[in-house]
Amino acid sequence: MLQSQKMDAIGRLAGGVAHDFNNLLTIITSYSELALDSVATGSTTQMRIQEILSAAHRAAGLTRQLLAFGRKQPQALRVAELNPVVADIVKGLHRLIGEDIELTFAPGLGLGRARLDPVQIEQILMNLAANARDAMPQGGHCTIETADVQLNEQYVEQKRAIIPLGRYAVITVTDTGGGIPVEHLSHIFEPFYTTKPPGKGTGLGLATVYGIVKQNHGFVWVYSEPDMGTTFRIYLPCVPERTSSIDTGDEISGISLRGTETILLVEDEEALRKAAAEYLRLRGYTVFEAPNGQDAISLVKNDESMIHLTVTDVVMPHMSGGQLARELEELRPETRVLFVSGYPGQTVLDHKVVNVETNFLQKPFTLKQLAKKVRGVLDLDLTARTSPGVEAPSVEVEDLHVSMATVGSVSHSSGRSVLRAK
């Protein structure tokens with residue numbers, strides 16, 4: 001219980017820090033993009049600005065890792081088959097693990113479909129592959145397998161795992177490294193816990209894997225034996241066959257970034273608001289700015305101009321983005337709303353924001369991503385915008401709370417170490 005409380009506290013801290021950090025990163029990337037538009041191609045200044053952008057993107061990746069650990073990372077979920085997603089990711093893992101490690105992918109047959117975010121699956125596999133690489137400094141073999149598993153009582157007892165019965169799509173990552181010492185097994189999912197020397201690792205890799213798996217209502221099982229390698233097995237619950245595929249619209253390609261519509265931009269961070277407004281105006285939009293929800297309502301009441309889209313931050317002083325959207329629904333029912341926030345997904349939901357899958361953009365974002373999202377929301381059919389979403393599958397089990405105490409329990413049998421994962 002104490003371990004669980006400690007991990008939850010770190011997760012809450014990560015979510016709180018992420019908001020201000022994401023705002024700052026969005027300002028850095030936004031003004032860098034604007035600066036790139038005004039410098040000569042191939043110039044030294046352009047190269048310097050691109051380095052700033054590159055550093056900001058790496059910092060954004062670190063934020064995503066922290067949010068993933070805290071199970072607060074925004075998700076772009078869709079119902080999909082696991083094999084194509086994993087096969088596409090494996091193509092890029094060869095460069096990560098190096099030429100001295102043989103990488104094999106063995107796709108299973110007849111896999112059930114799971115509700116997943118391909119970006120998060122990529123994070124899982126990249127972290128597990130990096131872990132395998134570090135375990136085999138002299139080279140070796142890493143195998144990634146998928147399988148369809150129907151868990152019954154005998155299977156769960158055999159694996160010594162506390163997992164609800166049912167059908168799962170399973171990802172297994174196995175390496176031929178030196179294994180994980182018994183004294184470290186109970187700590188491997190703790191953030192910042194690492195056996196690597198200073199500067200060689202952050203200790204966030206396996207913590208990120210654990211956070212993502214739990215956020216997706218899944219389970220992780222680990223088996224390791226000295227000098228016999230390590231196996232990580234990820235269980236993702238399958239959805240009923242009747243569930244339709246979900247396309248969140250987060251990946252919008254092949255569309256114009258330009259438009260002629262009128263946009264109301266509501267953002268309390270002045271530097272970010274001005275950068276976004278400037279970029280959208282350069283793309284042909286008419287943009288009204290407001291620093292908070294109250295000023296936005298006053299603007300709408302005093303100006304009869306047609307407003308096609310309101311882009312609003314979610315958490316603001318005086319009036320939240322969700323409250324603003326409800327007010328606008330009364331005043332301007334034809335106006336669509338795009339929410340942006342640097343807070344994690346649950347905070348957004350707590351502010352009564354709906355349609356987070358299609359009408360939400362997580363900070364930090366680039367100005368091009370903002371323009372794509374704006375164009376995408378404006379082009380959505382009204383029927384698609386108002387149709388009910390597909391509810392997430394429910395799992396009936398007495399205790400689905402995160403229990404790091406359970407994760408940390410190690411059973412010893414015939415000299416082997418089995419990590420229970422809940």
# chains A, B, ... in the order shown; residues from 1 in each chain; ligands from 1

$ residues_around --residues "Lys91 (chain A)" --least-positions-apart "3" --cutoff "12 Å" --atoms "only C-alpha atoms" --output "mmCIF file with C-alpha atoms, in the first residue's frame"
data_model
loop_
_atom_site.group_PDB
_atom_site.id
_atom_site.type_symbol
_atom_site.label_atom_id
_atom_site.label_comp_id
_atom_site.auth_asym_id
_atom_site.auth_seq_id
_atom_site.Cartn_x
_atom_site.Cartn_y
_atom_site.Cartn_z
ATOM 1 C CA PRO A 84 0.128 -4.723 -38.344
ATOM 2 C CA VAL A 85 0.848 -2.156 -35.634
ATOM 3 C CA VAL A 86 3.725 -4.179 -34.148
ATOM 4 C CA ALA A 87 5.122 -5.147 -37.573
ATOM 5 C CA ASP A 88 5.343 -1.481 -38.563
ATOM 6 C CA HIS A 94 16.797 -2.488 -35.904
ATOM 7 C CA ARG A 95 18.464 0.924 -35.769
ATOM 8 C CA LEU A 96 17.771 1.172 -32.033
ATOM 9 C CA ILE A 97 19.212 -2.154 -30.902
ATOM 10 C CA LEU A 103 15.845 -9.124 -33.970
ATOM 11 C CA THR A 104 13.031 -11.515 -34.835
ATOM 12 C CA PHE A 105 9.314 -10.819 -35.089
ATOM 13 C CA GLU A 122 5.677 2.052 -30.022
ATOM 14 C CA LEU A 125 8.376 -1.741 -27.671
ATOM 15 C CA MET A 126 11.117 0.868 -27.901
ATOM 16 C CA ILE A 144 9.120 -10.069 -30.319
#

$ residues_around --residues "region 31-41 of chain A" --least-positions-apart "5" --cutoff "8 Å" --atoms "only C-alpha atoms" --output "list in words"
Gln46, Ile49, Gln50, Ile52, Leu53, Ala275, Tyr279, Thr366 and Leu367 of chain A

$ residues_around --residues "Leu24 (chain A)" --least-positions-apart "3" --cutoff "10 Å" --atoms "only C-alpha atoms" --output "PyMOL selection string"
chain A and resi 18-21+27-30+56+269+271-272+342+363-364

$ residues_around --residues "region 315-319 of chain A" --least-positions-apart "2" --cutoff "7 Å" --atoms "only C-alpha atoms" --output "count of residues only"
8

$ closest_residue --among "A:Asp379, A:Arg113, A:Lys214, A:Leu361" --to "Val79 (chain A)" --atoms "only C-alpha atoms"
A:Arg113

$ residues_around --residues "Leu280 (chain A)" --least-positions-apart "4" --cutoff "9 Å" --atoms "only C-alpha atoms" --output "number ranges by chain"
A: 257-259, 263, 275-276, 284-287, 367, 370-371

$ write_last_selection --atoms "N, CA, C and O atoms" --output "PDB file, in the first residue's frame"
ATOM      1  N   LEU A 257      -3.409  23.634 -44.891  1.00  0.00           N
ATOM      2  CA  LEU A 257      -3.326  24.326 -43.614  1.00  0.00           C
ATOM      3  C   LEU A 257      -3.993  25.686 -43.668  1.00  0.00           C
ATOM      4  O   LEU A 257      -4.029  26.402 -42.665  1.00  0.00           O
ATOM      5  N   ARG A 258      -4.535  26.047 -44.807  1.00  0.00           N
ATOM      6  CA  ARG A 258      -5.115  27.376 -44.990  1.00  0.00           C
ATOM      7  C   ARG A 258      -6.621  27.342 -44.837  1.00  0.00           C
ATOM      8  O   ARG A 258      -7.266  26.288 -44.946  1.00  0.00           O
ATOM      9  N   GLY A 259      -7.192  28.522 -44.571  1.00  0.00           N
ATOM     10  CA  GLY A 259      -8.637  28.640 -44.459  1.00  0.00           C
ATOM     11  C   GLY A 259      -9.049  30.104 -44.443  1.00  0.00           C
ATOM     12  O   GLY A 259      -8.208  31.009 -44.303  1.00  0.00           O
ATOM     13  N   ILE A 263     -11.974  32.501 -36.369  1.00  0.00           N
ATOM     14  CA  ILE A 263     -11.631  31.689 -35.201  1.00  0.00           C
ATOM     15  C   ILE A 263     -11.545  32.577 -33.965  1.00  0.00           C
ATOM     16  O   ILE A 263     -10.951  33.667 -34.007  1.00  0.00           O
ATOM     17  N   ALA A 275       1.389  33.890 -30.559  1.00  0.00           N
ATOM     18  CA  ALA A 275       2.072  33.095 -31.584  1.00  0.00           C
ATOM     19  C   ALA A 275       1.072  32.297 -32.411  1.00  0.00           C
ATOM     20  O   ALA A 275       1.160  32.254 -33.649  1.00  0.00           O
ATOM     21  N   ALA A 276       0.111  31.654 -31.752  1.00  0.00           N
ATOM     22  CA  ALA A 276      -0.894  30.870 -32.470  1.00  0.00           C
ATOM     23  C   ALA A 276      -1.761  31.756 -33.350  1.00  0.00           C
ATOM     24  O   ALA A 276      -2.075  31.401 -34.497  1.00  0.00           O
ATOM     25  N   GLY A 284      -4.549  32.630 -43.429  1.00  0.00           N
ATOM     26  CA  GLY A 284      -5.765  33.148 -44.045  1.00  0.00           C
ATOM     27  C   GLY A 284      -6.964  33.271 -43.138  1.00  0.00           C
ATOM     28  O   GLY A 284      -8.011  33.788 -43.560  1.00  0.00           O
ATOM     29  N   TYR A 285      -6.857  32.827 -41.900  1.00  0.00           N
ATOM     30  CA  TYR A 285      -7.994  32.893 -40.988  1.00  0.00           C
ATOM     31  C   TYR A 285      -8.141  34.291 -40.382  1.00  0.00           C
ATOM     32  O   TYR A 285      -7.148  35.026 -40.225  1.00  0.00           O
ATOM     33  N   THR A 286      -9.367  34.653 -40.040  1.00  0.00           N
ATOM     34  CA  THR A 286      -9.619  35.821 -39.209  1.00  0.00           C
ATOM     35  C   THR A 286      -9.647  35.353 -37.761  1.00  0.00           C
ATOM     36  O   THR A 286     -10.377  34.416 -37.427  1.00  0.00           O
ATOM     37  N   VAL A 287      -8.851  35.992 -36.905  1.00  0.00           N
ATOM     38  CA  VAL A 287      -8.696  35.499 -35.538  1.00  0.00           C
ATOM     39  C   VAL A 287      -9.039  36.590 -34.533  1.00  0.00           C
ATOM     40  O   VAL A 287      -8.497  37.699 -34.584  1.00  0.00           O
ATOM     41  N   LEU A 367       2.779  24.548 -34.426  1.00  0.00           N
ATOM     42  CA  LEU A 367       1.767  25.376 -35.078  1.00  0.00           C
ATOM     43  C   LEU A 367       1.157  24.657 -36.277  1.00  0.00           C
ATOM     44  O   LEU A 367      -0.023  24.836 -36.582  1.00  0.00           O
ATOM     45  N   LEU A 370      -1.455  22.403 -34.914  1.00  0.00           N
ATOM     46  CA  LEU A 370      -2.637  23.198 -34.582  1.00  0.00           C
ATOM     47  C   LEU A 370      -3.443  23.509 -35.833  1.00  0.00           C
ATOM     48  O   LEU A 370      -4.676  23.350 -35.850  1.00  0.00           O
ATOM     49  N   ALA A 371      -2.754  23.930 -36.898  1.00  0.00           N
ATOM     50  CA  ALA A 371      -3.460  24.270 -38.135  1.00  0.00           C
ATOM     51  C   ALA A 371      -4.159  23.048 -38.735  1.00  0.00           C
ATOM     52  O   ALA A 371      -5.274  23.140 -39.242  1.00  0.00           O
TER      53      ALA A 371
END

$ residues_around --residues "Ile297 (chain A)" --least-positions-apart "4" --cutoff "12 Å" --atoms "only C-alpha atoms" --output "number ranges by chain"
A: 264-266, 288-293, 301-304, 310, 318-319, 321, 323-332
